[in-house]
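Written out below as structure tokens is the structure these notes cover.
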Amino acid sequence: LAADDARLRGSPRARSLLLTALVKLAAQLPDDGGACRSALANLADRFKASSELDLQQRALEALNLLDAGATDPGLFEDVLPYDASLEDPLDGVVTQGADGSRNADDALGFLDRFVASALAAGAAPYQKPAADSDDDDDDD
């Protein structure tokens, strides 16, 4: 990513995003030899005197994070924790039935008043989709 900076042709927004991406990668990747962090340091050092304030701020923050991370090895992981957005948000909240099906009714009880007011206003009640077993037979 750092080598691609030359292709950005001076776009401050793209450079800001590149710097942010490297900071996030540096926090997630194992620091074998420090290749990612050294690339980040070189790039941030180039951008710390930028006339674009956003880019300059990001560069200085990255450099400060790198300096502080040198004395506290776990700092990057603490400041930029693993992104769990791709994990199931209802894990541990939704119960699992004996048949293996998931039951979200308990976890979503806070919506009961909202649903009741929508039904009172004339909204159609939710109907579970019927299992359609015909789809496989129509491909003759």
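Going through the structure tokens in order, the chains are called A, B, and so on, while each chain numbers its residues from 1 and the ligands are numbered from 1 in the order shown.
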
**Request:** Write out as a list in words which residues come within 9 Å of Ala27 in chain A when counting only C-alpha atoms, dropping same-chain ones fewer than 2 positions away.
**Result:** Leu22, Val23, Lys24, Leu25, Leu29, Pro30, Asp31, Arg37, Leu75, Phe76, Glu77, Asp78, Val79, Leu80, Pro81 and Tyr82 of chain A

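Of the residues listed (A:Pro12, A:Gly69, A:Gly74, A:Gly34), A:Pro12 shows the shortest atom-to-atom separation from Asp54 in chain A; distances use only C-alpha atoms.
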
**Asked** For the atom pair CA of Phe110 in chain A and CA of Pro125 in chain A, what is the interatomic distance in Å to one decimal place?
**Response**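 Going from CA of Phe110 in chain A over to CA of Pro125 in chain A, I get 17.1 Å.
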
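Of the listed residues A:Glu61, A:Glu52, A:Asp45, A:Asp67, the one whose atoms come nearest to Ala14 in chain A is A:Glu52, with distances taken using only C-alpha atoms.
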
**Asked** If you measure from CA of Ala21 in chain A to CA of Ala39 in chain A, what distance in Å do you get, rounded to one decimal?
**Response**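 We find that CA of Ala21 in chain A and CA of Ala39 in chain A lie 11.8 Å from each other.
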
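Counting from CA of Arg58 in chain A, the distance to CA of Ala41 in chain A is 11.7 Å.
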
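Among A:Cys36, A:Gln127, A:Ala116, A:Ala44, the residue with the shortest atom-to-atom distance to Gln56 in chain A, counting only C-alpha atoms, is A:Ala44.
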
Need to verify the contact set: Ser16 in chain A, 6 Å, only C-alpha atoms, exclusion of same-chain residues closer than 3 positions in sequence. Can you return it as a PDB file with N, CA, C and O atoms, in the first residue's frame?
```pdb
ATOM      1  N   ARG A  13      -7.204  13.202  -0.074  1.00  0.00           N
ATOM      2  CA  ARG A  13      -8.186  12.273   0.505  1.00  0.00           C
ATOM      3  C   ARG A  13      -7.676  10.828   0.388  1.00  0.00           C
ATOM      4  O   ARG A  13      -7.761  10.056   1.331  1.00  0.00           O
ATOM      5  N   LEU A  19      -3.064   6.252   4.693  1.00  0.00           N
ATOM      6  CA  LEU A  19      -2.413   6.328   5.996  1.00  0.00           C
ATOM      7  C   LEU A  19      -3.257   5.640   7.066  1.00  0.00           C
ATOM      8  O   LEU A  19      -2.739   4.873   7.884  1.00  0.00           O
ATOM      9  N   LEU A  55      -4.595  15.313   6.600  1.00  0.00           N
ATOM     10  CA  LEU A  55      -3.485  14.409   6.344  1.00  0.00           C
ATOM     11  C   LEU A  55      -2.367  14.619   7.364  1.00  0.00           C
ATOM     12  O   LEU A  55      -1.793  13.661   7.885  1.00  0.00           O
TER      13      LEU A  55
END
```

When you look at range 46-51 of chain A with a cut-off of 8 Å (counting only C-alpha atoms), what residues show up, excluding the ones that are within fewer than 6 positions of it in the same chain? I need them as an mmCIF file with N, CA, C and O atoms, in the first residue's frame.
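Output saved as selection_14.cif:
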```cif
data_model
loop_
_atom_site.group_PDB
_atom_site.id
_atom_site.type_symbol
_atom_site.label_atom_id
_atom_site.label_comp_id
_atom_site.auth_asym_id
_atom_site.auth_seq_id
_atom_site.Cartn_x
_atom_site.Cartn_y
_atom_site.Cartn_z
ATOM 1 N N GLN A 57 -2.661 15.804 10.419
ATOM 2 C CA GLN A 57 -3.104 15.304 11.719
ATOM 3 C C GLN A 57 -3.001 13.788 11.785
ATOM 4 O O GLN A 57 -2.510 13.230 12.764
ATOM 5 N N ALA A 59 -1.039 11.874 10.078
ATOM 6 C CA ALA A 59 0.381 11.499 10.084
ATOM 7 C C ALA A 59 0.987 11.685 11.470
ATOM 8 O O ALA A 59 1.714 10.812 11.967
ATOM 9 N N LEU A 60 0.698 12.807 12.097
ATOM 10 C CA LEU A 60 1.252 13.061 13.432
ATOM 11 C C LEU A 60 0.683 12.090 14.465
ATOM 12 O O LEU A 60 1.398 11.631 15.359
#
```
